[in-house]
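Everything on this sheet refers to the single structure shown next.
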Amino acid sequence: MTSMQIFYFSGTGNSLFIAQELHKSFPEATVVPVIQLTDYHIKADAVGFVFPVHAFTMPAPVKHFLEKINLDEASYLFAIATRGGSPCNVFRDMDRLLRKKGKVLNAHWFIDMPNNFCHIADTPDQALIERLCAEALVKLEPIKTAIRNRDEVHAPDSEKSFWRKKLLFPALSAVLRKTNYLHTDKNFYADDRCIGCGLCSKVCLSAKIEQKNGRPHWNEEKKCYFCFACINHCPRQAIQIRKTKSMTKGRYRHPLYTAYDIAQQKGRLNNPSSS
């Protein structure tokens, strides 16, 4: 039985960064993208989940993954959620799913990373990116020790307000998930800067974006994962979202990872971009 498996989901590289840093300290572990998994019977003693916070909870593919996996052979479960800073109850939501399998998280942590919600939030500048990535490495050291020792650690959220944490944010999360981020999935488009390179379709983790006549087309029959890989990896910043400030905002991707690294979550691919 494998001693450790680390499952991750990442649209712009933040969670991939954390998963790879963990792997450096646990080289015996296997690092697996959740969207690539086909065998849901997990054969590992320690199992980790690394993912970004979406709509104040876990991303849709991570939820789907947790609903399907068999964790009977796992004795230690941990999770690391990367986020731009928004408080949430994501680990409570995970435990609700895991309890149906007779499990709960033995340990969990938040790590703040640069925000990739660039069509609404301020785009992180280079100084902020460098600071948050450096702080993440520092935060990872005691996390690695805890995982190595199989410690029980439930790092608290910084949010203390009962109203915000127990009422407001769960309500917002429910609305965003029910309405597909206020129907954001119907508002993606490519402006006249698009050169038809097809990179957006390659990094689209839900396979929603298809190329038609040299232009990206968002297939309405496929659900968007809202990873924002397409908007942040477009080399011409041609992907926009109606009813947002995407035209005037910058873009973000983790400096260590290219579109190729993100696209590989779907399986082995030819390098879609050297940029």
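So you can find residues: chains in the structure tokens are A, B, ... in the order shown, residues in each start at 1, and ligands are numbered from 1 in order.
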
Could you build a table of the residues in stretch 160-273 of chain A lying no more than 7 Å from stretch 5-22 of chain A, giving for each the nearest pair of atoms and their separation in Å rounded to one decimal place, using only C-alpha atoms, ordered by chain and ascending residue number, as a tab-separated table?
```
residue	atom	partner	partner_atom	distance
A:Cys227	CA	A:Gly11	CA	4.7
A:Phe228	CA	A:Gly11	CA	6.2
A:Ala229	CA	A:Gly11	CA	4.8
A:Arg253	CA	A:Thr12	CA	4.7
A:His254	CA	A:Gly13	CA	5.0
A:Tyr257	CA	A:Gly13	CA	6.0
A:Ile262	CA	A:Gly11	CA	6.4
```

Save out the residues we just selected, N, CA and C atoms, as a PDB file, in the first residue's frame.
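This is the output file part-v9.pdb:
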```pdb
ATOM      1  N   CYS A 227     -12.286  27.748 -12.447  1.00  0.00           N
ATOM      2  CA  CYS A 227     -10.883  27.789 -12.033  1.00  0.00           C
ATOM      3  C   CYS A 227     -10.189  29.025 -12.590  1.00  0.00           C
ATOM      4  N   PHE A 228     -10.806  29.663 -13.603  1.00  0.00           N
ATOM      5  CA  PHE A 228     -10.304  30.865 -14.254  1.00  0.00           C
ATOM      6  C   PHE A 228      -8.928  30.674 -14.885  1.00  0.00           C
ATOM      7  N   ALA A 229      -8.634  29.427 -15.255  1.00  0.00           N
ATOM      8  CA  ALA A 229      -7.383  29.165 -15.977  1.00  0.00           C
ATOM      9  C   ALA A 229      -7.407  29.845 -17.339  1.00  0.00           C
ATOM     10  N   ARG A 253      -1.049  34.271 -12.726  1.00  0.00           N
ATOM     11  CA  ARG A 253      -0.772  32.841 -12.658  1.00  0.00           C
ATOM     12  C   ARG A 253       0.467  32.686 -11.791  1.00  0.00           C
ATOM     13  N   HIS A 254       0.594  31.561 -11.127  1.00  0.00           N
ATOM     14  CA  HIS A 254       1.767  31.369 -10.276  1.00  0.00           C
ATOM     15  C   HIS A 254       3.024  31.432 -11.142  1.00  0.00           C
ATOM     16  N   TYR A 257       4.656  28.191 -12.788  1.00  0.00           N
ATOM     17  CA  TYR A 257       3.923  27.220 -13.592  1.00  0.00           C
ATOM     18  C   TYR A 257       3.313  27.846 -14.836  1.00  0.00           C
ATOM     19  N   ILE A 262      -0.697  23.361 -15.947  1.00  0.00           N
ATOM     20  CA  ILE A 262      -2.110  23.290 -15.572  1.00  0.00           C
ATOM     21  C   ILE A 262      -2.841  22.283 -16.457  1.00  0.00           C
TER      22      ILE A 262
END
```

Close residues, A:Arg150 itself excluded, 10 Å, only C-alpha atoms, min 4 positions apart in chain, as a tab-separated table (two decimals) with C-alpha atoms, in the first residue's frame:
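Result file is around_39.tsv:
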```tsv
chain	number	residue	atom	x	y	z
A	46	ALA	CA	-2.15	9.07	4.50
A	75	SER	CA	-5.97	6.27	8.52
A	76	TYR	CA	-4.84	9.91	8.23
A	77	LEU	CA	-6.57	12.58	6.17
A	78	PHE	CA	-5.36	16.14	5.76
A	106	ASN	CA	-7.39	14.65	10.95
A	107	ALA	CA	-5.73	17.93	10.06
A	144	LYS	CA	5.01	19.14	6.97
A	145	THR	CA	6.10	18.24	10.49
A	146	ALA	CA	2.51	17.68	11.57
```

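When only C-alpha atoms are used to measure the gap to A:Val53, the shortest distance among A:Met247, A:Leu37, A:Val31, A:Met94 belongs to A:Met94.
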
Inset, instruction - Once DSSP has gone over the backbone, tell me which residues of stretch 64-256 of chain A are in alpha helix (DSSP H), as a ChimeraX atom specification. - result: /A:64-68,90-99,126-149,162,169-178,180-183,199-203,229-233

Legend entry - Length of the atom CA of A:His183 to atom CA of A:His119 vector [Å]: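 About the pair atom CA of A:His183 and atom CA of A:His119: they are 14.5 Å apart.
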
Inset, instruction - Extract, using only C-alpha atoms, all DNA, RNA and protein residues at most 10 Å from A:Phe169, discarding same-chain residues fewer than 5 positions from it, and format them as a PyMOL selection string. - result: chain A and resi 55-57+86-89+163-164+174-175

Name all residues at most 12 Å from A:Lys68 (count only C-alpha atoms; drop same-chain ones fewer than 2 positions away) and give them as a compact mmCIF listing (two decimals) with C-alpha atoms, in the first residue's frame.
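Heads up, here's the output in selection08.txt:
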```txt
# COMPACT_ATOMS: atom_id res chain seq x y z
CA VAL A 34 -8.42 14.97 -8.94
CA LEU A 37 -8.51 10.00 -11.30
CA THR A 38 -10.24 6.88 -12.62
CA ASP A 39 -9.74 4.47 -9.70
CA TYR A 40 -11.61 5.85 -6.69
CA HIS A 41 -10.44 3.12 -4.30
CA ILE A 42 -7.64 4.94 -2.51
CA PRO A 61 -14.60 18.71 -8.94
CA VAL A 62 -13.15 18.27 -5.44
CA LYS A 63 -16.66 17.78 -4.03
CA HIS A 64 -17.44 15.25 -6.76
CA PHE A 65 -14.16 13.48 -6.03
CA LEU A 66 -14.87 13.26 -2.29
CA ASN A 70 -13.30 4.93 -1.07
CA LEU A 71 -11.08 5.78 1.91
CA LEU A 97 -19.01 14.47 3.09
CA LEU A 98 -16.34 12.40 4.79
CA LYS A 100 -20.74 9.52 5.25
CA LYS A 101 -17.68 7.32 4.74
```

Inset, instruction - Would you mind telling me which residue in A:Ala44, A:Ile143, A:Met4, A:Ile35 lies nearest to A:Gln265 when using only C-alpha atoms? - result: A:Ile35

Inset, instruction - Considering only C-alpha atoms, return as a PyMOL selection string whatever protein or nucleic-acid residues lie within 9 Å of A:Tyr225, sequence-local ones (same chain, fewer than 6 positions apart) excluded. - result: chain A and resi 59-61+185+204-206+208
